[in-house]
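Okay, input-v6.csv is below, CSV, C-alpha atoms:
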chain,number,residue,atom,x,y,z
A,1,MET,CA,84.4,115.3,85.5
A,2,SER,CA,84.9,118.8,86.8
A,3,PRO,CA,82.7,121.6,85.3
A,4,PRO,CA,84.4,124.6,83.6
A,5,LYS,CA,82.6,127.1,85.8
A,6,GLU,CA,81.9,127.3,89.5
A,7,ASN,CA,78.2,128.1,88.8
A,8,VAL,CA,77.4,124.5,87.8
A,9,SER,CA,74.2,123.5,86.0
A,10,LEU,CA,71.4,121.4,87.5
A,11,LEU,CA,72.1,118.8,84.7
A,12,PHE,CA,75.7,118.4,85.8
A,13,LYS,CA,74.6,117.9,89.5
A,14,LEU,CA,72.0,115.3,88.4
A,15,TYR,CA,74.7,113.6,86.2
A,16,CYS,CA,77.1,113.3,89.2
A,17,LEU,CA,74.4,112.1,91.6
A,18,THR,CA,73.3,109.5,89.1
A,19,VAL,CA,76.8,108.2,88.4
A,20,MET,CA,77.6,108.1,92.1
A,21,THR,CA,74.4,106.2,92.8
A,22,LEU,CA,75.0,103.6,90.0
A,23,VAL,CA,78.7,103.2,91.0
A,24,ALA,CA,77.8,102.7,94.7
A,25,ALA,CA,75.1,100.1,93.8
A,26,SER,CA,77.5,98.2,91.5
A,27,TYR,CA,80.2,98.4,94.1
A,28,THR,CA,77.9,96.8,96.7
A,29,VAL,CA,76.9,93.9,94.5
A,30,ALA,CA,80.5,93.3,93.2
A,31,LEU,CA,81.9,93.5,96.7
A,32,ARG,CA,79.4,90.9,97.9
A,33,TYR,CA,80.4,88.6,95.1
A,34,THR,CA,84.1,88.9,95.9
A,35,ARG,CA,83.5,88.2,99.6
A,36,THR,CA,81.1,85.3,99.2
A,37,VAL,CA,82.0,83.5,95.9
A,38,GLU,CA,85.8,83.8,95.6
A,39,THR,CA,87.7,80.8,97.0
A,40,LYS,CA,90.8,82.8,98.2
A,41,LEU,CA,89.6,85.6,100.4
A,42,TYR,CA,91.7,88.8,99.9
A,43,PHE,CA,92.6,91.2,102.7
A,44,SER,CA,90.0,93.9,102.7
A,45,THR,CA,92.5,96.3,104.4
A,46,THR,CA,94.9,96.1,101.5
A,47,ALA,CA,92.0,96.8,99.1
A,48,VAL,CA,91.1,99.9,101.0
A,49,CYS,CA,94.7,101.1,100.9
A,50,ILE,CA,95.1,100.5,97.2
A,51,THR,CA,91.8,102.4,96.6
A,52,GLU,CA,93.3,105.4,98.3
A,53,VAL,CA,96.4,105.2,96.2
A,54,ILE,CA,94.4,105.0,92.9
A,55,LYS,CA,92.2,107.9,94.0
A,56,LEU,CA,95.4,109.9,94.6
A,57,PHE,CA,96.9,109.2,91.2
A,58,LEU,CA,93.5,109.9,89.5
A,59,SER,CA,93.3,113.2,91.3
A,60,VAL,CA,96.8,114.1,90.2
A,61,GLY,CA,95.9,113.2,86.7
A,62,ILE,CA,92.8,115.4,86.7
A,63,LEU,CA,94.7,118.2,88.3
A,64,ALA,CA,97.3,117.9,85.6
A,65,LYS,CA,94.6,118.3,83.0
A,66,GLU,CA,93.1,121.3,85.0
A,67,THR,CA,96.5,123.1,85.2
A,68,GLY,CA,97.3,122.5,81.6
A,69,SER,CA,101.0,121.7,81.8
A,70,LEU,CA,103.5,119.7,83.8
A,71,ALA,CA,105.3,122.8,85.1
A,72,ARG,CA,102.1,124.3,86.4
A,73,LEU,CA,101.1,120.9,88.0
A,74,ILE,CA,104.5,120.7,89.8
A,75,THR,CA,104.1,124.3,91.0
A,76,SER,CA,100.6,123.7,92.2
A,77,LEU,CA,101.7,120.5,94.1
A,78,LYS,CA,104.6,122.4,95.7
A,79,GLU,CA,102.5,125.3,96.8
A,80,ASN,CA,99.3,123.6,97.9
A,81,VAL,CA,100.5,120.1,99.0
A,82,PHE,CA,104.2,119.8,99.9
A,83,GLY,CA,104.6,123.5,100.8
A,84,SER,CA,101.4,123.6,103.0
A,85,PRO,CA,101.7,121.3,106.0
A,86,LYS,CA,98.9,123.3,107.7
A,87,GLU,CA,96.5,122.4,104.8
A,88,LEU,CA,97.6,118.8,104.9
A,89,LEU,CA,96.9,118.7,108.6
A,90,LYS,CA,93.5,120.3,108.0
A,91,LEU,CA,92.5,117.6,105.5
A,92,SER,CA,93.8,114.8,107.7
A,93,VAL,CA,91.0,115.6,110.1
A,94,PRO,CA,88.2,113.8,108.2
A,95,SER,CA,90.5,110.8,107.5
A,96,LEU,CA,91.2,110.5,111.3
A,97,VAL,CA,87.6,111.0,112.2
A,98,TYR,CA,86.4,108.4,109.7
A,99,ALA,CA,89.0,105.9,111.0
A,100,PHE,CA,87.8,106.5,114.6
A,101,GLN,CA,84.2,106.1,113.4
A,102,ASN,CA,85.0,102.7,111.9
A,103,ASN,CA,86.5,101.6,115.2
A,104,MET,CA,83.4,102.8,117.1
A,105,ALA,CA,81.2,100.9,114.7
A,106,PHE,CA,83.2,97.7,115.4
A,107,VAL,CA,82.7,98.3,119.2
A,108,ALA,CA,79.0,98.9,118.7
A,109,LEU,CA,78.5,95.7,116.6
A,110,SER,CA,80.4,93.8,119.3
A,111,ASN,CA,78.0,94.9,122.0
A,112,LEU,CA,74.7,95.2,120.2
A,113,ASP,CA,72.4,92.9,118.1
A,114,ALA,CA,72.8,93.5,114.4
A,115,ALA,CA,69.2,94.6,114.1
A,116,VAL,CA,69.6,97.2,116.9
A,117,TYR,CA,72.8,98.5,115.3
A,118,GLN,CA,71.2,98.7,111.9
A,119,VAL,CA,68.4,100.9,113.1
A,120,THR,CA,70.4,103.2,115.4
A,121,TYR,CA,73.2,103.7,112.9
A,122,GLN,CA,70.7,105.3,110.5
A,123,LEU,CA,70.6,108.3,112.9
A,124,LYS,CA,73.7,109.5,111.0
A,125,ILE,CA,71.3,110.8,108.3
A,126,PRO,CA,69.6,113.4,110.6
A,127,CYS,CA,72.9,114.0,112.4
A,128,THR,CA,74.4,115.0,109.0
A,129,ALA,CA,71.5,117.4,108.4
A,130,LEU,CA,72.0,118.9,111.9
A,131,CYS,CA,75.7,119.4,111.3
A,132,THR,CA,74.9,121.0,107.9
A,133,VAL,CA,72.7,123.5,109.6
A,134,LEU,CA,75.0,124.4,112.4
A,135,MET,CA,78.4,124.3,110.6
A,136,LEU,CA,77.4,125.6,107.2
A,137,ASN,CA,74.8,128.2,108.3
A,138,ARG,CA,72.3,126.6,106.0
A,139,THR,CA,68.5,126.4,106.5
A,140,LEU,CA,66.3,123.4,105.9
A,141,SER,CA,62.5,123.7,105.6
A,142,LYS,CA,60.1,121.6,107.6
A,143,LEU,CA,59.4,119.6,104.5
A,144,GLN,CA,63.1,118.8,104.1
A,145,TRP,CA,63.5,117.8,107.8
A,146,PHE,CA,60.5,115.5,107.3
A,147,SER,CA,62.1,114.0,104.2
A,148,VAL,CA,65.4,113.4,106.1
A,149,PHE,CA,63.6,111.4,108.9
A,150,MET,CA,61.5,109.7,106.2
A,151,LEU,CA,64.8,108.6,104.5
A,152,CYS,CA,66.1,107.4,107.9
A,153,GLY,CA,63.0,105.2,108.3
A,154,GLY,CA,63.1,104.0,104.7
A,155,VAL,CA,66.8,102.9,104.8
A,156,THR,CA,66.1,101.1,108.1
A,157,LEU,CA,63.2,99.1,106.5
A,158,VAL,CA,65.2,98.4,103.4
A,159,GLN,CA,68.1,96.9,105.4
A,160,TRP,CA,65.9,95.3,108.0
A,161,LYS,CA,66.5,91.7,108.8
A,162,PRO,CA,64.3,89.9,111.5
A,163,ALA,CA,66.2,89.3,114.7
A,164,GLN,CA,67.4,85.7,115.1
A,165,ALA,CA,68.1,83.8,118.2
A,166,THR,CA,71.9,83.3,118.3
A,167,LYS,CA,74.3,82.2,120.9
A,168,VAL,CA,76.5,85.1,121.9
A,169,GLN,CA,80.0,83.8,122.6
A,170,VAL,CA,81.2,87.0,124.4
A,171,GLU,CA,79.6,89.1,127.1
A,172,GLN,CA,77.9,92.2,125.6
A,173,ASN,CA,77.6,95.6,127.2
A,174,PRO,CA,74.6,97.4,125.6
A,175,TRP,CA,75.4,100.8,127.2
A,176,LEU,CA,78.9,100.6,125.7
A,177,GLY,CA,77.3,99.6,122.4
A,178,PHE,CA,74.9,102.6,122.4
A,179,GLY,CA,77.7,104.9,123.5
A,180,ALA,CA,79.9,103.7,120.6
A,181,ILE,CA,77.0,104.1,118.1
A,182,ALA,CA,76.3,107.6,119.3
A,183,VAL,CA,80.0,108.5,118.8
A,184,ALA,CA,80.0,106.8,115.4
A,185,VAL,CA,76.9,108.8,114.3
A,186,LEU,CA,78.4,112.1,115.4
A,187,CYS,CA,81.7,111.3,113.7
A,188,SER,CA,79.9,110.5,110.4
A,189,GLY,CA,78.0,113.7,110.4
A,190,PHE,CA,80.9,115.9,111.5
A,191,ALA,CA,83.5,114.5,109.1
A,192,GLY,CA,81.3,114.7,106.1
A,193,VAL,CA,80.2,118.3,106.7
A,194,TYR,CA,83.7,119.3,107.8
A,195,PHE,CA,85.1,118.2,104.4
A,196,GLU,CA,82.2,120.0,102.7
A,197,LYS,CA,83.1,123.2,104.6
A,198,VAL,CA,86.8,123.0,103.7
A,199,LEU,CA,85.9,122.5,100.0
A,200,LYS,CA,83.4,125.4,99.8
A,201,SER,CA,85.2,127.9,102.1
A,202,SER,CA,88.1,128.6,99.7
A,203,ASP,CA,88.8,128.7,95.9
A,204,THR,CA,91.4,125.9,96.2
A,205,SER,CA,90.9,123.3,93.5
A,206,LEU,CA,88.8,120.3,94.4
A,207,TRP,CA,91.5,118.0,93.2
A,208,VAL,CA,94.2,119.7,95.3
A,209,ARG,CA,91.9,119.1,98.3
A,210,ASN,CA,91.5,115.4,97.3
A,211,ILE,CA,95.2,115.0,97.0
A,212,GLN,CA,95.7,116.5,100.5
A,213,MET,CA,93.1,114.1,102.0
A,214,TYR,CA,94.2,111.0,100.1
A,215,LEU,CA,97.8,111.4,101.3
A,216,SER,CA,96.7,111.2,104.9
A,217,GLY,CA,94.3,108.4,103.9
A,218,ILE,CA,97.1,106.3,102.5
A,219,VAL,CA,99.1,106.6,105.8
A,220,LEU,CA,96.1,105.7,107.9
A,221,THR,CA,95.1,102.7,105.7
A,222,LEU,CA,98.7,101.4,105.7
A,223,PHE,CA,98.6,101.6,109.5
A,224,GLY,CA,95.3,99.7,109.4
A,225,VAL,CA,96.9,96.9,107.2
A,226,TYR,CA,99.7,96.6,109.7
A,227,VAL,CA,97.4,96.5,112.8
A,228,SER,CA,94.7,94.2,111.4
A,229,ASP,CA,96.5,91.8,108.9
A,230,GLY,CA,100.2,92.6,109.3
A,231,ALA,CA,101.4,89.0,110.0
A,232,GLN,CA,99.2,87.4,107.4
A,233,VAL,CA,100.1,90.0,104.7
A,234,LEU,CA,103.8,89.3,105.4
A,235,GLU,CA,103.2,85.6,105.1
A,236,LYS,CA,100.9,85.5,102.1
A,237,GLY,CA,101.6,88.7,100.3
A,238,PHE,CA,99.9,92.1,99.9
A,239,PHE,CA,98.0,91.0,96.9
A,240,TYR,CA,96.9,87.6,98.1
A,241,GLY,CA,93.5,86.5,96.7
A,242,TYR,CA,93.4,89.3,94.1
A,243,THR,CA,91.4,88.5,91.0
A,244,TYR,CA,90.0,90.6,88.1
A,245,TYR,CA,86.8,90.9,90.1
A,246,VAL,CA,88.7,92.3,93.1
A,247,TRP,CA,90.4,94.8,90.9
A,248,PHE,CA,87.0,95.8,89.5
A,249,VAL,CA,85.7,96.4,93.0
A,250,ILE,CA,88.8,98.6,93.8
A,251,PHE,CA,88.2,100.5,90.5
A,252,LEU,CA,84.5,101.1,91.4
A,253,ALA,CA,85.5,102.2,94.9
A,254,SER,CA,88.1,104.7,93.5
A,255,VAL,CA,85.7,106.2,90.9
A,256,GLY,CA,82.9,106.3,93.5
A,257,GLY,CA,85.2,108.2,95.9
A,258,LEU,CA,86.0,110.8,93.3
A,259,TYR,CA,82.4,111.3,92.3
A,260,THR,CA,81.4,111.5,96.0
A,261,SER,CA,83.8,114.5,96.5
A,262,VAL,CA,82.3,116.2,93.4
A,263,VAL,CA,78.8,115.7,94.7
A,264,VAL,CA,79.8,117.1,98.1
A,265,LYS,CA,81.5,120.1,96.4
A,266,TYR,CA,78.6,121.0,94.1
A,267,THR,CA,75.5,119.8,96.1
A,268,ASP,CA,75.8,118.8,99.8
A,269,ASN,CA,76.3,115.9,102.2
A,270,ILE,CA,72.6,115.4,102.7
A,271,MET,CA,72.1,114.8,99.0
A,272,LYS,CA,75.1,112.4,99.2
A,273,GLY,CA,73.1,110.5,101.9
A,274,PHE,CA,70.0,110.4,99.7
A,275,SER,CA,72.2,109.1,96.8
A,276,ALA,CA,73.6,106.4,99.1
A,277,ALA,CA,70.1,105.3,100.1
A,278,ALA,CA,69.1,105.0,96.5
A,279,ALA,CA,72.2,102.9,95.9
A,280,ILE,CA,71.1,100.6,98.7
A,281,VAL,CA,67.7,100.0,97.1
A,282,LEU,CA,69.3,99.4,93.6
A,283,SER,CA,71.9,97.0,95.0
A,284,THR,CA,69.3,95.0,96.8
A,285,VAL,CA,67.2,94.7,93.7
A,286,ALA,CA,70.3,93.6,91.8
A,287,SER,CA,70.9,91.0,94.6
A,288,VAL,CA,67.5,89.6,93.9
A,289,ILE,CA,68.6,88.8,90.3
A,290,LEU,CA,72.1,87.7,91.0
A,291,PHE,CA,72.0,86.1,94.4
A,292,GLY,CA,68.3,85.0,94.7
A,293,LEU,CA,67.5,87.4,97.5
A,294,GLN,CA,63.8,87.5,98.4
A,295,ILE,CA,61.9,90.8,98.3
A,296,THR,CA,60.0,91.4,101.5
A,297,VAL,CA,57.1,93.8,102.4
A,298,THR,CA,59.4,95.8,104.6
A,299,PHE,CA,61.9,96.3,101.8
A,300,SER,CA,59.1,97.4,99.4
A,301,LEU,CA,57.8,99.9,101.9
A,302,GLY,CA,61.3,101.1,102.7
A,303,ALA,CA,62.1,101.6,99.0
A,304,LEU,CA,58.9,103.6,98.6
A,305,LEU,CA,59.8,105.8,101.5
A,306,VAL,CA,63.3,106.4,100.1
A,307,CYS,CA,62.0,107.4,96.7
A,308,VAL,CA,59.3,109.7,98.2
A,309,SER,CA,61.9,111.3,100.6
A,310,ILE,CA,64.3,112.0,97.7
A,311,TYR,CA,61.5,113.8,95.8
A,312,LEU,CA,60.4,115.8,98.8
A,313,TYR,CA,63.9,116.9,99.8
A,314,GLY,CA,64.6,118.2,96.3
A,315,LEU,CA,61.4,120.4,96.1
A,316,PRO,CA,62.9,123.6,97.7
A,317,ARG,CA,65.4,125.1,95.3
A,318,GLN,CA,68.5,126.5,97.0
A,319,ASP,CA,72.1,127.2,96.1
A,320,THR,CA,74.3,124.6,98.1
A,321,THR,CA,77.6,125.3,96.2
A,322,LYS,CA,78.7,128.0,98.6
A,323,ILE,CA,78.7,128.6,102.4
A,324,GLN,CA,76.0,130.9,103.5
A,325,PRO,CA,76.9,134.1,105.5
A,326,SER,CA,76.9,133.4,109.3
A,327,GLU,CA,75.5,136.7,110.5
A,328,THR,CA,72.1,136.4,109.0
A,329,LYS,CA,70.4,134.0,111.4
A,330,SER,CA,71.1,132.3,114.7
A,331,SER,CA,71.4,128.5,115.0
A,332,LYS,CA,67.9,128.3,116.7
A,333,GLU,CA,66.3,130.3,113.9
A,334,ARG,CA,68.0,128.1,111.2
A,335,LEU,CA,66.7,124.9,112.9
A,336,ALA,CA,63.2,126.2,113.1
A,337,THR,CA,63.0,127.7,109.6
A,338,VAL,CA,60.0,126.7,107.6
Here is a file; write its structure as structure tokens.
Amino acid sequence: MSPPKENVSLLFKLYCLTVMTLVAASYTVALRYTRTVETKLYFSTTAVCITEVIKLFLSVGILAKETGSLARLITSLKENVFGSPKELLKLSVPSLVYAFQNNMAFVALSNLDAAVYQVTYQLKIPCTALCTVLMLNRTLSKLQWFSVFMLCGGVTLVQWKPAQATKVQVEQNPWLGFGAIAVAVLCSGFAGVYFEKVLKSSDTSLWVRNIQMYLSGIVLTLFGVYVSDGAQVLEKGFFYGYTYYVWFVIFLASVGGLYTSVVVKYTDNIMKGFSAAAAIVLSTVASVILFGLQITVTFSLGALLVCVSIYLYGLPRQDTTKIQPSETKSSKERLATV
């Protein structure tokens, strides 16, 4: 999966983006199946935790292949993981921020209509672009900024569902909801770009960085299991409701997570967002065949915008595998660059 040289080819980047998109689309369809068709509903928190464990073991396996021997693998783990608490702490930041983001998303959904949440949450796409410019000293052309907002609109249309009159059982606070969504959007942009900066600002192996992040991820997801489903897990068991389909979903999530880190390392977070948007379109098309979902005019228009925005964003050729020097331009100049 990892290229032999740091100066990776365009073909390898396209390969990683394609695999990540297809895996994400398959994951969405498979996840929907396990949550709507299966009779015994498994605990989603335990599935997330197991995914982190599998990603950790896969990363150790790939690092073992990269180092070439068991002795060098153990030395690398001692030096970079167990002997570097500061680096472990550094890589726990995105895990903590993502966990906080998920909580804010829950607060937002509890206080906003689903349609309003759906639209406002897509602001994470331009927010990621803004964080990329400010934190990585990178420039985006006006055409790329246009494509980012076009993608934002396209994803909104693809996921759009008409508002339905429903009885709200609890009192909602729209201001709290909008505040929570704003925090969630900022967390999404910051955490993704922070991880990208850590990956690209040193020569440390990608798989070492993954191991550092997944260790903290396991701790956080275990805490999530205890808080959300602790009593039921103790009663029914950690693997309650697990079938071959559930394990397949976990496998897809694990592989998808690894490819995501490769995409972030060798392209950037904005391309990751475009890949995720393409996966939404593909998974929706698959749902038409598998679940009888009806294609709407808004979906067709949104899918067209997503495809056009992906093409437009990719037009300017630039090296995104490294952090650009910070002294060349000010933040205002980078934001206004044509």
* Contacts of A:Gln294 within 12 Å, all atoms listed in the file, excl. fewer than 5 positions in-chain, as an MDAnalysis selection string -> chainID A and resid 161 284:289 299:300
Go ahead and save the residues from that selection, with C-alpha atoms, as an mmCIF file, in the frame of the given file.
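Dumped everything to part08.cif:
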data_model
loop_
_atom_site.group_PDB
_atom_site.id
_atom_site.type_symbol
_atom_site.label_atom_id
_atom_site.label_comp_id
_atom_site.auth_asym_id
_atom_site.auth_seq_id
_atom_site.Cartn_x
_atom_site.Cartn_y
_atom_site.Cartn_z
ATOM 1 C CA LYS A 161 66.500 91.700 108.800
ATOM 2 C CA THR A 284 69.300 95.000 96.800
ATOM 3 C CA VAL A 285 67.200 94.700 93.700
ATOM 4 C CA ALA A 286 70.300 93.600 91.800
ATOM 5 C CA SER A 287 70.900 91.000 94.600
ATOM 6 C CA VAL A 288 67.500 89.600 93.900
ATOM 7 C CA ILE A 289 68.600 88.800 90.300
ATOM 8 C CA PHE A 299 61.900 96.300 101.800
ATOM 9 C CA SER A 300 59.100 97.400 99.400
#
* **Point-to-point distance in Å for atom CA of A:Tyr117 and atom CA of A:Ala180** => 10.3 Å
* To do: May I ask for the distance between atom CA of A:Tyr226 and atom CA of A:Ser44, given in Å to one decimal place?
  =>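 About the pair atom CA of A:Tyr226 and atom CA of A:Ser44: they are 12.3 Å apart.
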* Between A:Leu199, A:Leu301, A:Leu22, A:Ala99, single out the one closest to A:Val48, counting all atoms listed in the file. =>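 Closest to A:Val48, using all atoms listed in the file: A:Ala99.
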* **Top pick for closest residue to A:Thr67, considering A:Ser261, A:Ile250, A:Val208, A:Tyr121 and counting only C-alpha atoms** =>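 Of all the options, A:Val208 lies closest to A:Thr67.
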* So, counting only C-alpha atoms, which residue among A:Asn210, A:Asn103, A:Thr39, A:Gln159 is closest to A:Val306? ->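 Selected residue with least distance to A:Val306: A:Gln159.
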Hey, which bits of stretch 199-284 of chain A sit within 10 Å of stretch 152-155 of chain A, and for each residue what's the closest pair of atoms and how far apart in Å (one decimal), counting all atoms listed in the file, rows by chain and increasing number, as CSV?
residue,atom,partner,partner_atom,distance
A:Gly273,CA,A:Cys152,CA,9.7
A:Phe274,CA,A:Cys152,CA,9.6
A:Ala276,CA,A:Val155,CA,9.5
A:Ala277,CA,A:Val155,CA,6.2
A:Ala278,CA,A:Val155,CA,8.9
A:Ile280,CA,A:Val155,CA,7.8
A:Val281,CA,A:Val155,CA,8.3
Keeping C-alpha atoms, export the residues of the selection given above as a PDB file, in the frame of the given file.
ATOM      1  CA  GLY A 273      73.100 110.500 101.900  1.00  0.00           C
ATOM      2  CA  PHE A 274      70.000 110.400  99.700  1.00  0.00           C
ATOM      3  CA  ALA A 276      73.600 106.400  99.100  1.00  0.00           C
ATOM      4  CA  ALA A 277      70.100 105.300 100.100  1.00  0.00           C
ATOM      5  CA  ALA A 278      69.100 105.000  96.500  1.00  0.00           C
ATOM      6  CA  ILE A 280      71.100 100.600  98.700  1.00  0.00           C
ATOM      7  CA  VAL A 281      67.700 100.000  97.100  1.00  0.00           C
TER       8      VAL A 281
END
Can stretch 284-293 of chain A be brought up to all heavy atoms and written out as a PDB file, in the frame of the given file?
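Okay, this is what ended up in rebuild06.pdb:
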ATOM      1  N   THR A 284      70.111  96.121  96.311  1.00  0.00           N
ATOM      2  CA  THR A 284      69.300  95.000  96.800  1.00  0.00           C
ATOM      3  C   THR A 284      68.442  94.422  95.704  1.00  0.00           C
ATOM      4  O   THR A 284      68.296  93.194  95.633  1.00  0.00           O
ATOM      5  CB  THR A 284      68.309  95.577  97.927  1.00  0.00           C
ATOM      6  OG1 THR A 284      69.083  96.222  98.938  1.00  0.00           O
ATOM      7  CG2 THR A 284      67.521  94.432  98.564  1.00  0.00           C
ATOM      8  N   VAL A 285      67.918  95.257  94.816  1.00  0.00           N
ATOM      9  CA  VAL A 285      67.200  94.700  93.700  1.00  0.00           C
ATOM     10  C   VAL A 285      68.094  93.889  92.782  1.00  0.00           C
ATOM     11  O   VAL A 285      67.690  92.820  92.305  1.00  0.00           O
ATOM     12  CB  VAL A 285      66.587  95.918  92.830  1.00  0.00           C
ATOM     13  CG1 VAL A 285      66.006  95.414  91.514  1.00  0.00           C
ATOM     14  CG2 VAL A 285      65.515  96.653  93.626  1.00  0.00           C
ATOM     15  N   ALA A 286      69.340  94.345  92.582  1.00  0.00           N
ATOM     16  CA  ALA A 286      70.300  93.600  91.800  1.00  0.00           C
ATOM     17  C   ALA A 286      70.615  92.238  92.477  1.00  0.00           C
ATOM     18  O   ALA A 286      70.796  91.206  91.809  1.00  0.00           O
ATOM     19  CB  ALA A 286      71.588  94.379  91.611  1.00  0.00           C
ATOM     20  N   SER A 287      70.655  92.229  93.814  1.00  0.00           N
ATOM     21  CA  SER A 287      70.900  91.000  94.600  1.00  0.00           C
ATOM     22  C   SER A 287      69.799  89.976  94.401  1.00  0.00           C
ATOM     23  O   SER A 287      70.029  88.773  94.497  1.00  0.00           O
ATOM     24  CB  SER A 287      71.116  91.320  96.054  1.00  0.00           C
ATOM     25  OG  SER A 287      72.260  92.119  96.248  1.00  0.00           O
ATOM     26  N   VAL A 288      68.583  90.454  94.147  1.00  0.00           N
ATOM     27  CA  VAL A 288      67.500  89.600  93.900  1.00  0.00           C
ATOM     28  C   VAL A 288      67.743  88.734  92.635  1.00  0.00           C
ATOM     29  O   VAL A 288      67.527  87.515  92.590  1.00  0.00           O
ATOM     30  CB  VAL A 288      66.147  90.352  93.713  1.00  0.00           C
ATOM     31  CG1 VAL A 288      65.012  89.441  93.253  1.00  0.00           C
ATOM     32  CG2 VAL A 288      65.768  91.044  95.008  1.00  0.00           C
ATOM     33  N   ILE A 289      68.280  89.418  91.604  1.00  0.00           N
ATOM     34  CA  ILE A 289      68.600  88.800  90.300  1.00  0.00           C
ATOM     35  C   ILE A 289      69.799  87.877  90.413  1.00  0.00           C
ATOM     36  O   ILE A 289      69.806  86.736  89.944  1.00  0.00           O
ATOM     37  CB  ILE A 289      68.747  89.817  89.219  1.00  0.00           C
ATOM     38  CG1 ILE A 289      67.494  90.694  89.108  1.00  0.00           C
ATOM     39  CG2 ILE A 289      69.058  89.165  87.879  1.00  0.00           C
ATOM     40  CD1 ILE A 289      67.677  91.938  88.271  1.00  0.00           C
ATOM     41  N   LEU A 290      70.858  88.403  91.034  1.00  0.00           N
ATOM     42  CA  LEU A 290      72.100  87.700  91.000  1.00  0.00           C
ATOM     43  C   LEU A 290      72.322  86.664  92.106  1.00  0.00           C
ATOM     44  O   LEU A 290      72.958  85.645  91.897  1.00  0.00           O
ATOM     45  CB  LEU A 290      73.281  88.750  91.125  1.00  0.00           C
ATOM     46  CG  LEU A 290      73.366  89.768  89.978  1.00  0.00           C
ATOM     47  CD1 LEU A 290      74.410  90.823  90.290  1.00  0.00           C
ATOM     48  CD2 LEU A 290      73.693  89.063  88.661  1.00  0.00           C
ATOM     49  N   PHE A 291      71.756  86.941  93.300  1.00  0.00           N
ATOM     50  CA  PHE A 291      72.000  86.100  94.400  1.00  0.00           C
ATOM     51  C   PHE A 291      70.728  85.391  94.979  1.00  0.00           C
ATOM     52  O   PHE A 291      70.767  84.696  95.991  1.00  0.00           O
ATOM     53  CB  PHE A 291      72.664  86.847  95.594  1.00  0.00           C
ATOM     54  CG  PHE A 291      73.944  87.520  95.184  1.00  0.00           C
ATOM     55  CD1 PHE A 291      74.037  88.903  95.139  1.00  0.00           C
ATOM     56  CD2 PHE A 291      75.060  86.779  94.826  1.00  0.00           C
ATOM     57  CE1 PHE A 291      75.209  89.540  94.752  1.00  0.00           C
ATOM     58  CE2 PHE A 291      76.237  87.403  94.441  1.00  0.00           C
ATOM     59  CZ  PHE A 291      76.317  88.783  94.400  1.00  0.00           C
ATOM     60  N   GLY A 292      69.590  85.623  94.317  1.00  0.00           N
ATOM     61  CA  GLY A 292      68.300  85.000  94.700  1.00  0.00           C
ATOM     62  C   GLY A 292      67.761  85.521  96.020  1.00  0.00           C
ATOM     63  O   GLY A 292      66.998  84.831  96.705  1.00  0.00           O
ATOM     64  N   LEU A 293      68.085  86.767  96.347  1.00  0.00           N
ATOM     65  CA  LEU A 293      67.500  87.400  97.500  1.00  0.00           C
ATOM     66  C   LEU A 293      66.028  87.591  97.386  1.00  0.00           C
ATOM     67  O   LEU A 293      65.550  87.912  96.303  1.00  0.00           O
ATOM     68  CB  LEU A 293      68.205  88.747  97.776  1.00  0.00           C
ATOM     69  CG  LEU A 293      67.925  89.465  99.107  1.00  0.00           C
ATOM     70  CD1 LEU A 293      68.612  88.748 100.253  1.00  0.00           C
ATOM     71  CD2 LEU A 293      68.417  90.911  99.031  1.00  0.00           C
TER      72      LEU A 293
END
